[in-house]
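Participant: Sharing a structure, written as structure tokens. Questions coming.
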Number of protein chains: 2
Amino acid sequence: MKKTIGILGGMGPLATADLYRKLVTLTDAASDNGHIRVYIDSNAAIPDRTAAILSGGPDPLPAMTDSLRKLEACGADCIIMPCNTAHYFLPKLQALTETPFLSMLEAAAKACRLRYPGKTAAIWGTKGTLASGLYQKALEAEDVPYLVPNEVEQDALMRVIYQGVKAGAPPEAYRTDYLSVLDAMKAQGADYYILGCTELPLAAQLLASDAPAVDPTEELAKASIRFCGYAVKEA
Amino acid sequence: MKKTIGILGGMGPLATADLYRKLVTLTDAASDNGHIRVYIDSNAAIPDRTAAILSGGPDPLPAMTDSLRKLEACGADCIIMPCNTAHYFLPKLQALTETPFLSMLEAAAKACRLRYPGKTAAIWGTKGTLASGLYQKALEAEDVPYLVPNEVEQDALMRVIYQGVKAGAPPEAYRTDYLSVLDAMKAQGADYYILGCTELPLAAQLLASDAPAVDPTEELAKASIRFCGYAVKEA
């Protein structure tokens, strides 16, 4: 029996749309009926994750739990979250349910080890994700060397994510910030980039960036397709 | 109190992803929390609609009803279906629930009247949609003149939809068919095209077609945003 997916989404909505599209286009299917059944709650009411982790913002757990319950009621066989920062709350959510969460960060760290063995990753993400140390831990578990952006670089990434993609701004609005972090971390020794906030693969795509990168959204999509018993389409 | 949307989807999955992305990008919102809460059941198990209408294929109503119940249980305030042909079953589904369905065909017909007053539309769609007469009726209600593809043109459109987009084929595989119907119906007097199967806006986009067209997926997204009490983003 093939499995179904529940997407605990809305963090942000465009990133959820990106994950869902990647799930569809990466599934090896020749007709509608060859695809995975996917339930999505794009819950725009979930409070900002970084604000909750760093500055005492409203707790997102109650709204996330509400979405979890809806996806469980639909009958989802696994839960995935297209928001890297949200993974800070994953252990607490997992304790509330027997339905397994698949981790975007573990999927990304595995891809780093396989695709760029011995090379140094630059972890890009929100300040919440970086401060939580979640990516650092996931990469250490896979023996992947990494660099973390400094304060100036983190500020630039936050502008790309919040005033750029989440605000629906055109790519011209964040091109300079994006490229400045890319150049600065390359100079520090980064060989490739983890687009560790779900808004960043969208930014990379809109900016047509061809810098070597791992896209955690894509890696989570592939891991989910395999978990459900379907085949990943070869590029 | 702003309203939420339930998407009865999976017909096909890529078209559902397209509607969802359009809902997000067309909502005038400056942050995650300014968006609409959207529930999606991308139900890949729903049997083919055209086969059921035209050739005694399996009835899609039981699977569609299962999705409807899940979306109702989530608390959706309206239901939308990113599949034109599925609208054949809308009256039967509407009779099962008090949650209103918003019609993609009515939204498209209104857009035709407003954007191309007095001009002649070519209705593109599956054989199931065209045989059902649903678009013809929706356009007549808005006094929109129209042409229907002939048998040869319908065969070409079915290849674009089924062997092309739904099968995940590259655009080169269906470019000739697409352009042949475009040219033939222009010669017959069509001024613009209704992309009346949710796979067709995807084909148009991948082929970079700039022929004048109404995209029912986009019109449904806009109608849904307004129904929920949100503002549509100006282009």
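Each chain of the structure tokens is named A, B, ... in the order shown, its residues numbered from 1; ligands are numbered from 1 in display order.
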At a cut-off of 10 Å, which residues of chain B touch chain A? Count only C-alpha atoms and give the answer as a PyMOL selection string.
Facilitator: chain B and resi 4-7+9-48+66-67+69-71+73-75+162-169
Participant: Extract, using only C-alpha atoms, all DNA, RNA and protein residues at most 10 Å from range 49-58 of chain B, discarding same-chain residues fewer than 2 positions from it, and format them as a PyMOL selection string.
Facilitator: chain B and resi 11+46-47+60-62+83-89+126-132
Participant: Selection from above, N, CA, C and O atoms, as a PDB file, in the first residue's frame, can you write it?
Facilitator:
```
ATOM      1  N   MET B  11      -6.416  16.800 -10.025  1.00  0.00           N
ATOM      2  CA  MET B  11      -7.010  16.513 -11.352  1.00  0.00           C
ATOM      3  C   MET B  11      -6.479  17.487 -12.401  1.00  0.00           C
ATOM      4  O   MET B  11      -7.225  18.331 -12.873  1.00  0.00           O
ATOM      5  N   ILE B  46      -8.604  10.058  -7.888  1.00  0.00           N
ATOM      6  CA  ILE B  46      -9.858  10.385  -8.577  1.00  0.00           C
ATOM      7  C   ILE B  46      -9.791   9.904 -10.030  1.00  0.00           C
ATOM      8  O   ILE B  46      -8.891  10.299 -10.775  1.00  0.00           O
ATOM      9  N   PRO B  47     -10.733   9.034 -10.445  1.00  0.00           N
ATOM     10  CA  PRO B  47     -10.690   8.529 -11.832  1.00  0.00           C
ATOM     11  C   PRO B  47     -10.850   9.657 -12.858  1.00  0.00           C
ATOM     12  O   PRO B  47     -11.411  10.710 -12.555  1.00  0.00           O
ATOM     13  N   PRO B  60     -16.036   9.146 -10.945  1.00  0.00           N
ATOM     14  CA  PRO B  60     -15.141   9.857 -10.026  1.00  0.00           C
ATOM     15  C   PRO B  60     -15.834  10.396  -8.778  1.00  0.00           C
ATOM     16  O   PRO B  60     -15.156  10.825  -7.841  1.00  0.00           O
ATOM     17  N   LEU B  61     -17.182  10.359  -8.742  1.00  0.00           N
ATOM     18  CA  LEU B  61     -17.896  10.994  -7.628  1.00  0.00           C
ATOM     19  C   LEU B  61     -17.535  10.459  -6.248  1.00  0.00           C
ATOM     20  O   LEU B  61     -17.351  11.253  -5.322  1.00  0.00           O
ATOM     21  N   PRO B  62     -17.416   9.128  -6.051  1.00  0.00           N
ATOM     22  CA  PRO B  62     -17.059   8.662  -4.696  1.00  0.00           C
ATOM     23  C   PRO B  62     -15.732   9.237  -4.200  1.00  0.00           C
ATOM     24  O   PRO B  62     -15.648   9.716  -3.060  1.00  0.00           O
ATOM     25  N   CYS B  83      -9.989  21.813 -12.151  1.00  0.00           N
ATOM     26  CA  CYS B  83     -10.214  20.882 -13.259  1.00  0.00           C
ATOM     27  C   CYS B  83     -11.524  21.299 -13.893  1.00  0.00           C
ATOM     28  O   CYS B  83     -12.586  21.179 -13.267  1.00  0.00           O
ATOM     29  N   ASN B  84     -11.451  21.801 -15.120  1.00  0.00           N
ATOM     30  CA  ASN B  84     -12.671  22.252 -15.794  1.00  0.00           C
ATOM     31  C   ASN B  84     -13.661  21.111 -15.986  1.00  0.00           C
ATOM     32  O   ASN B  84     -14.847  21.252 -15.728  1.00  0.00           O
ATOM     33  N   THR B  85     -13.154  19.957 -16.434  1.00  0.00           N
ATOM     34  CA  THR B  85     -14.040  18.829 -16.718  1.00  0.00           C
ATOM     35  C   THR B  85     -14.774  18.378 -15.458  1.00  0.00           C
ATOM     36  O   THR B  85     -15.937  17.968 -15.515  1.00  0.00           O
ATOM     37  N   ALA B  86     -14.118  18.484 -14.313  1.00  0.00           N
ATOM     38  CA  ALA B  86     -14.728  18.076 -13.033  1.00  0.00           C
ATOM     39  C   ALA B  86     -15.994  18.876 -12.725  1.00  0.00           C
ATOM     40  O   ALA B  86     -16.842  18.418 -11.949  1.00  0.00           O
ATOM     41  N   HIS B  87     -16.129  20.045 -13.350  1.00  0.00           N
ATOM     42  CA  HIS B  87     -17.318  20.869 -13.083  1.00  0.00           C
ATOM     43  C   HIS B  87     -18.604  20.212 -13.569  1.00  0.00           C
ATOM     44  O   HIS B  87     -19.698  20.612 -13.171  1.00  0.00           O
ATOM     45  N   TYR B  88     -18.486  19.205 -14.419  1.00  0.00           N
ATOM     46  CA  TYR B  88     -19.644  18.396 -14.819  1.00  0.00           C
ATOM     47  C   TYR B  88     -20.300  17.785 -13.574  1.00  0.00           C
ATOM     48  O   TYR B  88     -21.519  17.602 -13.516  1.00  0.00           O
ATOM     49  N   PHE B  89     -19.485  17.470 -12.566  1.00  0.00           N
ATOM     50  CA  PHE B  89     -19.984  16.801 -11.359  1.00  0.00           C
ATOM     51  C   PHE B  89     -20.317  17.793 -10.243  1.00  0.00           C
ATOM     52  O   PHE B  89     -20.755  17.391  -9.170  1.00  0.00           O
ATOM     53  N   THR B 126     -10.926  19.544 -22.726  1.00  0.00           N
ATOM     54  CA  THR B 126     -10.957  18.113 -23.011  1.00  0.00           C
ATOM     55  C   THR B 126     -12.239  17.801 -23.774  1.00  0.00           C
ATOM     56  O   THR B 126     -13.189  18.585 -23.797  1.00  0.00           O
ATOM     57  N   LYS B 127     -12.259  16.616 -24.375  1.00  0.00           N
ATOM     58  CA  LYS B 127     -13.487  16.181 -25.056  1.00  0.00           C
ATOM     59  C   LYS B 127     -14.649  16.092 -24.065  1.00  0.00           C
ATOM     60  O   LYS B 127     -15.801  16.351 -24.418  1.00  0.00           O
ATOM     61  N   GLY B 128     -14.340  15.742 -22.821  1.00  0.00           N
ATOM     62  CA  GLY B 128     -15.390  15.652 -21.804  1.00  0.00           C
ATOM     63  C   GLY B 128     -16.011  17.017 -21.538  1.00  0.00           C
ATOM     64  O   GLY B 128     -17.229  17.168 -21.495  1.00  0.00           O
ATOM     65  N   THR B 129     -15.172  18.021 -21.373  1.00  0.00           N
ATOM     66  CA  THR B 129     -15.666  19.378 -21.127  1.00  0.00           C
ATOM     67  C   THR B 129     -16.486  19.870 -22.311  1.00  0.00           C
ATOM     68  O   THR B 129     -17.590  20.417 -22.142  1.00  0.00           O
ATOM     69  N   LEU B 130     -15.958  19.679 -23.533  1.00  0.00           N
ATOM     70  CA  LEU B 130     -16.635  20.197 -24.720  1.00  0.00           C
ATOM     71  C   LEU B 130     -17.961  19.482 -24.947  1.00  0.00           C
ATOM     72  O   LEU B 130     -18.972  20.118 -25.250  1.00  0.00           O
ATOM     73  N   ALA B 131     -17.988  18.143 -24.751  1.00  0.00           N
ATOM     74  CA  ALA B 131     -19.224  17.386 -24.968  1.00  0.00           C
ATOM     75  C   ALA B 131     -20.286  17.735 -23.926  1.00  0.00           C
ATOM     76  O   ALA B 131     -21.483  17.693 -24.202  1.00  0.00           O
ATOM     77  N   SER B 132     -19.834  18.104 -22.721  1.00  0.00           N
ATOM     78  CA  SER B 132     -20.804  18.409 -21.661  1.00  0.00           C
ATOM     79  C   SER B 132     -21.559  19.703 -21.933  1.00  0.00           C
ATOM     80  O   SER B 132     -22.634  19.931 -21.380  1.00  0.00           O
TER      81      SER B 132
END
```
Participant: Assign secondary structure with DSSP using the backbone only, and return the residues of range 18-224 of chain A in strand (DSSP E or B) as a VMD selection string.
Facilitator: chain A and resid 27 38 to 42 78 to 80 101 121 to 124 146 to 147 192 to 195 213 to 214
Participant: Over all C-alpha pairs taken in order, what is the RMSD once chain B has been least-squares superposed onto chain A?
Facilitator: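 The C-alpha RMSD comes to 0.0 Å.
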Participant: Would you mind reading off the distance between CA of Tyr230 in chain A and CA of Phe101 in chain A, one decimal, in Å?
Facilitator: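 Going from CA of Tyr230 in chain A over to CA of Phe101 in chain A covers 17.7 Å.
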Participant: Can you pull out the residues contacting Leu182 in chain A? Cut-off 12 Å, using only C-alpha atoms, and skip same-chain residues under 6 positions away; I want them as a PDB file with all heavy atoms, in the first residue's frame.
Facilitator:
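What follows is the written file around_11.pdb:
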```pdb
ATOM      1  N   ALA A 121      30.418  23.536   3.128  1.00  0.00           N
ATOM      2  CA  ALA A 121      29.108  24.149   2.873  1.00  0.00           C
ATOM      3  C   ALA A 121      28.991  25.494   3.585  1.00  0.00           C
ATOM      4  O   ALA A 121      29.502  25.654   4.692  1.00  0.00           O
ATOM      5  CB  ALA A 121      28.002  23.224   3.374  1.00  0.00           C
ATOM      6  N   ALA A 122      28.338  26.470   2.949  1.00  0.00           N
ATOM      7  CA  ALA A 122      27.915  27.683   3.652  1.00  0.00           C
ATOM      8  C   ALA A 122      26.444  27.485   4.007  1.00  0.00           C
ATOM      9  O   ALA A 122      25.629  27.216   3.139  1.00  0.00           O
ATOM     10  CB  ALA A 122      28.076  28.899   2.761  1.00  0.00           C
ATOM     11  N   ILE A 123      26.136  27.575   5.310  1.00  0.00           N
ATOM     12  CA  ILE A 123      24.737  27.396   5.724  1.00  0.00           C
ATOM     13  C   ILE A 123      24.021  28.733   5.606  1.00  0.00           C
ATOM     14  O   ILE A 123      24.328  29.672   6.343  1.00  0.00           O
ATOM     15  CB  ILE A 123      24.622  26.938   7.194  1.00  0.00           C
ATOM     16  CG1 ILE A 123      25.511  25.727   7.474  1.00  0.00           C
ATOM     17  CG2 ILE A 123      23.165  26.624   7.531  1.00  0.00           C
ATOM     18  CD1 ILE A 123      25.524  25.324   8.949  1.00  0.00           C
ATOM     19  N   TRP A 124      23.086  28.840   4.696  1.00  0.00           N
ATOM     20  CA  TRP A 124      22.261  30.034   4.608  1.00  0.00           C
ATOM     21  C   TRP A 124      20.931  29.746   5.294  1.00  0.00           C
ATOM     22  O   TRP A 124      20.386  28.647   5.170  1.00  0.00           O
ATOM     23  CB  TRP A 124      21.999  30.398   3.146  1.00  0.00           C
ATOM     24  CG  TRP A 124      23.173  30.995   2.455  1.00  0.00           C
ATOM     25  CD1 TRP A 124      24.480  30.875   2.813  1.00  0.00           C
ATOM     26  CD2 TRP A 124      23.138  31.799   1.280  1.00  0.00           C
ATOM     27  NE1 TRP A 124      25.262  31.572   1.930  1.00  0.00           N
ATOM     28  CE2 TRP A 124      24.474  32.145   0.976  1.00  0.00           C
ATOM     29  CE3 TRP A 124      22.129  32.260   0.449  1.00  0.00           C
ATOM     30  CZ2 TRP A 124      24.805  32.933  -0.126  1.00  0.00           C
ATOM     31  CZ3 TRP A 124      22.453  33.046  -0.645  1.00  0.00           C
ATOM     32  CH2 TRP A 124      23.789  33.382  -0.923  1.00  0.00           C
ATOM     33  N   PRO A 149      27.211  32.142   8.276  1.00  0.00           N
ATOM     34  CA  PRO A 149      27.327  33.567   7.927  1.00  0.00           C
ATOM     35  C   PRO A 149      27.568  34.422   9.172  1.00  0.00           C
ATOM     36  O   PRO A 149      27.052  34.108  10.255  1.00  0.00           O
ATOM     37  CB  PRO A 149      25.961  33.913   7.321  1.00  0.00           C
ATOM     38  CG  PRO A 149      25.301  32.605   7.033  1.00  0.00           C
ATOM     39  CD  PRO A 149      25.894  31.581   7.931  1.00  0.00           C
ATOM     40  N   GLU A 153      26.325  39.313   7.133  1.00  0.00           N
ATOM     41  CA  GLU A 153      25.766  38.399   6.127  1.00  0.00           C
ATOM     42  C   GLU A 153      24.375  37.917   6.543  1.00  0.00           C
ATOM     43  O   GLU A 153      23.474  37.797   5.715  1.00  0.00           O
ATOM     44  CB  GLU A 153      26.724  37.216   5.925  1.00  0.00           C
ATOM     45  CG  GLU A 153      28.035  37.635   5.240  1.00  0.00           C
ATOM     46  CD  GLU A 153      29.249  36.783   5.591  1.00  0.00           C
ATOM     47  OE1 GLU A 153      29.108  35.787   6.335  1.00  0.00           O
ATOM     48  OE2 GLU A 153      30.355  37.139   5.142  1.00  0.00           O
ATOM     49  N   GLN A 154      24.200  37.663   7.837  1.00  0.00           N
ATOM     50  CA  GLN A 154      22.878  37.239   8.322  1.00  0.00           C
ATOM     51  C   GLN A 154      21.836  38.342   8.110  1.00  0.00           C
ATOM     52  O   GLN A 154      20.702  38.066   7.736  1.00  0.00           O
ATOM     53  CB  GLN A 154      22.937  36.851   9.800  1.00  0.00           C
ATOM     54  CG  GLN A 154      23.702  35.555  10.048  1.00  0.00           C
ATOM     55  CD  GLN A 154      23.525  35.009  11.463  1.00  0.00           C
ATOM     56  OE1 GLN A 154      22.517  35.282  12.114  1.00  0.00           O
ATOM     57  NE2 GLN A 154      24.486  34.239  11.927  1.00  0.00           N
ATOM     58  N   ALA A 156      21.864  40.574   5.755  1.00  0.00           N
ATOM     59  CA  ALA A 156      21.565  40.615   4.316  1.00  0.00           C
ATOM     60  C   ALA A 156      20.604  39.484   3.934  1.00  0.00           C
ATOM     61  O   ALA A 156      19.644  39.684   3.186  1.00  0.00           O
ATOM     62  CB  ALA A 156      22.858  40.526   3.506  1.00  0.00           C
ATOM     63  N   LEU A 157      20.847  38.277   4.485  1.00  0.00           N
ATOM     64  CA  LEU A 157      19.966  37.138   4.173  1.00  0.00           C
ATOM     65  C   LEU A 157      18.552  37.381   4.696  1.00  0.00           C
ATOM     66  O   LEU A 157      17.562  37.045   4.034  1.00  0.00           O
ATOM     67  CB  LEU A 157      20.526  35.840   4.772  1.00  0.00           C
ATOM     68  CG  LEU A 157      21.800  35.292   4.110  1.00  0.00           C
ATOM     69  CD1 LEU A 157      22.292  34.056   4.855  1.00  0.00           C
ATOM     70  CD2 LEU A 157      21.550  34.944   2.640  1.00  0.00           C
ATOM     71  N   ARG A 175      18.773  41.402  -5.207  1.00  0.00           N
ATOM     72  CA  ARG A 175      19.910  40.851  -5.949  1.00  0.00           C
ATOM     73  C   ARG A 175      21.247  41.213  -5.286  1.00  0.00           C
ATOM     74  O   ARG A 175      22.106  40.356  -5.086  1.00  0.00           O
ATOM     75  CB  ARG A 175      19.893  41.337  -7.399  1.00  0.00           C
ATOM     76  CG  ARG A 175      20.949  40.671  -8.278  1.00  0.00           C
ATOM     77  CD  ARG A 175      20.956  41.244  -9.706  1.00  0.00           C
ATOM     78  NE  ARG A 175      19.671  41.138 -10.363  1.00  0.00           N
ATOM     79  CZ  ARG A 175      19.278  40.063 -11.075  1.00  0.00           C
ATOM     80  NH1 ARG A 175      20.082  39.047 -11.214  1.00  0.00           N
ATOM     81  NH2 ARG A 175      18.094  40.045 -11.653  1.00  0.00           N
ATOM     82  N   THR A 176      21.406  42.493  -4.906  1.00  0.00           N
ATOM     83  CA  THR A 176      22.676  42.946  -4.342  1.00  0.00           C
ATOM     84  C   THR A 176      22.993  42.231  -3.032  1.00  0.00           C
ATOM     85  O   THR A 176      24.110  41.748  -2.827  1.00  0.00           O
ATOM     86  CB  THR A 176      22.639  44.472  -4.120  1.00  0.00           C
ATOM     87  OG1 THR A 176      22.255  45.093  -5.352  1.00  0.00           O
ATOM     88  CG2 THR A 176      24.001  45.007  -3.706  1.00  0.00           C
ATOM     89  N   GLN A 188      35.626  33.350   1.993  1.00  0.00           N
ATOM     90  CA  GLN A 188      35.977  32.726   3.278  1.00  0.00           C
ATOM     91  C   GLN A 188      36.260  31.226   3.144  1.00  0.00           C
ATOM     92  O   GLN A 188      36.656  30.577   4.117  1.00  0.00           O
ATOM     93  CB  GLN A 188      34.837  32.937   4.285  1.00  0.00           C
ATOM     94  CG  GLN A 188      34.669  34.390   4.747  1.00  0.00           C
ATOM     95  CD  GLN A 188      33.263  34.653   5.260  1.00  0.00           C
ATOM     96  OE1 GLN A 188      32.692  33.814   5.963  1.00  0.00           O
ATOM     97  NE2 GLN A 188      32.694  35.798   4.919  1.00  0.00           N
ATOM     98  N   GLY A 189      35.973  30.668   1.952  1.00  0.00           N
ATOM     99  CA  GLY A 189      36.299  29.257   1.750  1.00  0.00           C
ATOM    100  C   GLY A 189      35.118  28.332   1.504  1.00  0.00           C
ATOM    101  O   GLY A 189      35.286  27.104   1.471  1.00  0.00           O
ATOM    102  N   ALA A 190      33.936  28.905   1.319  1.00  0.00           N
ATOM    103  CA  ALA A 190      32.772  28.050   1.053  1.00  0.00           C
ATOM    104  C   ALA A 190      32.846  27.509  -0.367  1.00  0.00           C
ATOM    105  O   ALA A 190      33.154  28.252  -1.305  1.00  0.00           O
ATOM    106  CB  ALA A 190      31.474  28.842   1.234  1.00  0.00           C
ATOM    107  N   ASP A 191      32.578  26.208  -0.517  1.00  0.00           N
ATOM    108  CA  ASP A 191      32.574  25.600  -1.850  1.00  0.00           C
ATOM    109  C   ASP A 191      31.175  25.579  -2.467  1.00  0.00           C
ATOM    110  O   ASP A 191      31.019  25.513  -3.678  1.00  0.00           O
ATOM    111  CB  ASP A 191      33.088  24.155  -1.755  1.00  0.00           C
ATOM    112  CG  ASP A 191      34.528  24.098  -1.278  1.00  0.00           C
ATOM    113  OD1 ASP A 191      35.383  24.768  -1.889  1.00  0.00           O
ATOM    114  OD2 ASP A 191      34.797  23.403  -0.268  1.00  0.00           O
ATOM    115  N   TYR A 192      30.148  25.559  -1.589  1.00  0.00           N
ATOM    116  CA  TYR A 192      28.758  25.515  -2.080  1.00  0.00           C
ATOM    117  C   TYR A 192      27.846  26.014  -0.963  1.00  0.00           C
ATOM    118  O   TYR A 192      28.297  26.276   0.162  1.00  0.00           O
ATOM    119  CB  TYR A 192      28.370  24.107  -2.551  1.00  0.00           C
ATOM    120  CG  TYR A 192      28.333  23.067  -1.451  1.00  0.00           C
ATOM    121  CD1 TYR A 192      27.114  22.640  -0.905  1.00  0.00           C
ATOM    122  CD2 TYR A 192      29.498  22.512  -0.937  1.00  0.00           C
ATOM    123  CE1 TYR A 192      27.074  21.698   0.109  1.00  0.00           C
ATOM    124  CE2 TYR A 192      29.470  21.574   0.067  1.00  0.00           C
ATOM    125  CZ  TYR A 192      28.252  21.168   0.595  1.00  0.00           C
ATOM    126  OH  TYR A 192      28.219  20.252   1.605  1.00  0.00           O
ATOM    127  N   TYR A 193      26.568  26.138  -1.263  1.00  0.00           N
ATOM    128  CA  TYR A 193      25.621  26.811  -0.385  1.00  0.00           C
ATOM    129  C   TYR A 193      24.429  25.930  -0.086  1.00  0.00           C
ATOM    130  O   TYR A 193      23.898  25.274  -0.982  1.00  0.00           O
ATOM    131  CB  TYR A 193      25.161  28.114  -1.060  1.00  0.00           C
ATOM    132  CG  TYR A 193      26.368  28.932  -1.394  1.00  0.00           C
ATOM    133  CD1 TYR A 193      27.079  28.697  -2.571  1.00  0.00           C
ATOM    134  CD2 TYR A 193      26.868  29.849  -0.485  1.00  0.00           C
ATOM    135  CE1 TYR A 193      28.257  29.377  -2.842  1.00  0.00           C
ATOM    136  CE2 TYR A 193      28.043  30.536  -0.745  1.00  0.00           C
ATOM    137  CZ  TYR A 193      28.735  30.288  -1.922  1.00  0.00           C
ATOM    138  OH  TYR A 193      29.895  30.941  -2.172  1.00  0.00           O
ATOM    139  N   ILE A 194      24.026  25.906   1.168  1.00  0.00           N
ATOM    140  CA  ILE A 194      22.773  25.242   1.515  1.00  0.00           C
ATOM    141  C   ILE A 194      21.719  26.323   1.562  1.00  0.00           C
ATOM    142  O   ILE A 194      21.802  27.261   2.368  1.00  0.00           O
ATOM    143  CB  ILE A 194      22.869  24.547   2.883  1.00  0.00           C
ATOM    144  CG1 ILE A 194      23.976  23.489   2.859  1.00  0.00           C
ATOM    145  CG2 ILE A 194      21.534  23.926   3.264  1.00  0.00           C
ATOM    146  CD1 ILE A 194      24.270  22.882   4.226  1.00  0.00           C
ATOM    147  N   LEU A 195      20.709  26.234   0.708  1.00  0.00           N
ATOM    148  CA  LEU A 195      19.641  27.236   0.657  1.00  0.00           C
ATOM    149  C   LEU A 195      18.650  26.913   1.774  1.00  0.00           C
ATOM    150  O   LEU A 195      17.506  26.539   1.529  1.00  0.00           O
ATOM    151  CB  LEU A 195      18.996  27.225  -0.731  1.00  0.00           C
ATOM    152  CG  LEU A 195      19.987  27.545  -1.874  1.00  0.00           C
ATOM    153  CD1 LEU A 195      19.386  27.206  -3.231  1.00  0.00           C
ATOM    154  CD2 LEU A 195      20.408  29.002  -1.812  1.00  0.00           C
ATOM    155  N   ALA A 204      16.922  32.121  -5.448  1.00  0.00           N
ATOM    156  CA  ALA A 204      17.965  31.632  -6.364  1.00  0.00           C
ATOM    157  C   ALA A 204      17.396  31.444  -7.764  1.00  0.00           C
ATOM    158  O   ALA A 204      18.032  31.795  -8.766  1.00  0.00           O
ATOM    159  CB  ALA A 204      18.546  30.315  -5.847  1.00  0.00           C
ATOM    160  N   SER A 209      20.511  32.231 -10.308  1.00  0.00           N
ATOM    161  CA  SER A 209      21.840  31.975  -9.756  1.00  0.00           C
ATOM    162  C   SER A 209      22.285  30.557 -10.094  1.00  0.00           C
ATOM    163  O   SER A 209      21.534  29.603  -9.924  1.00  0.00           O
ATOM    164  CB  SER A 209      21.803  32.153  -8.230  1.00  0.00           C
ATOM    165  OG  SER A 209      22.999  31.659  -7.660  1.00  0.00           O
ATOM    166  N   ASP A 210      23.504  30.426 -10.585  1.00  0.00           N
ATOM    167  CA  ASP A 210      23.999  29.083 -10.895  1.00  0.00           C
ATOM    168  C   ASP A 210      25.144  28.678  -9.961  1.00  0.00           C
ATOM    169  O   ASP A 210      25.922  27.780 -10.268  1.00  0.00           O
ATOM    170  CB  ASP A 210      24.409  28.972 -12.368  1.00  0.00           C
ATOM    171  CG  ASP A 210      25.520  29.962 -12.714  1.00  0.00           C
ATOM    172  OD1 ASP A 210      25.897  30.766 -11.836  1.00  0.00           O
ATOM    173  OD2 ASP A 210      26.003  29.924 -13.861  1.00  0.00           O
ATOM    174  N   ALA A 211      25.236  29.351  -8.806  1.00  0.00           N
ATOM    175  CA  ALA A 211      26.233  28.946  -7.818  1.00  0.00           C
ATOM    176  C   ALA A 211      25.890  27.542  -7.322  1.00  0.00           C
ATOM    177  O   ALA A 211      24.718  27.196  -7.215  1.00  0.00           O
ATOM    178  CB  ALA A 211      26.237  29.944  -6.661  1.00  0.00           C
ATOM    179  N   PRO A 212      26.931  26.713  -7.038  1.00  0.00           N
ATOM    180  CA  PRO A 212      26.657  25.336  -6.597  1.00  0.00           C
ATOM    181  C   PRO A 212      25.901  25.348  -5.266  1.00  0.00           C
ATOM    182  O   PRO A 212      26.361  25.966  -4.294  1.00  0.00           O
ATOM    183  CB  PRO A 212      28.043  24.711  -6.449  1.00  0.00           C
ATOM    184  CG  PRO A 212      28.990  25.862  -6.360  1.00  0.00           C
ATOM    185  CD  PRO A 212      28.369  27.009  -7.090  1.00  0.00           C
ATOM    186  N   ALA A 213      24.768  24.666  -5.207  1.00  0.00           N
ATOM    187  CA  ALA A 213      23.922  24.754  -4.023  1.00  0.00           C
ATOM    188  C   ALA A 213      23.172  23.464  -3.781  1.00  0.00           C
ATOM    189  O   ALA A 213      22.919  22.686  -4.695  1.00  0.00           O
ATOM    190  CB  ALA A 213      22.934  25.902  -4.188  1.00  0.00           C
TER     191      ALA A 213
END
```
Participant: Skip Ala108 in chain B itself and residues of its chain fewer than 2 positions away, then list as a PyMOL selection string all residues within 6 Å of it, counting only C-alpha atoms.
Facilitator: chain B and resi 105-106+110-111+216+219
Participant: Mind listing the alpha helix (DSSP H) residues of range 72-214 of chain A, per DSSP on the backbone, as number ranges by chain?
Facilitator: A: 72-74, 90-94, 104-115, 127-132, 134-141, 151-158, 175-187, 200-206
Participant: Find, counting only C-alpha atoms, the residue in A:Leu179, A:Val160, A:Leu90, A:Ala109 that gets nearest to Tyr135 in chain A.
Facilitator: A:Ala109
Participant: What's around Met1 in chain B at 10 Å? Count only C-alpha atoms, leave out sequence neighbours fewer than 2 positions away in its own chain, and write the answer as number ranges by chain.
Facilitator: B: 3-4, 228-229
Participant: For CA of Leu102 in chain B and CA of Cys78 in chain B, quote the distance in Å rounded to one decimal.
Facilitator: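 Spanning CA of Leu102 in chain B to CA of Cys78 in chain B is a straight-line distance of 6.9 Å.
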Participant: Given only C-alpha atoms as the basis, pick out the residue of B:Asp215, B:Asp77, B:Pro82, B:Leu202 nearest to Pro100 in chain B.
Facilitator: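 Checking each candidate against Pro100 in chain B, we get B:Asp77 as the closest.
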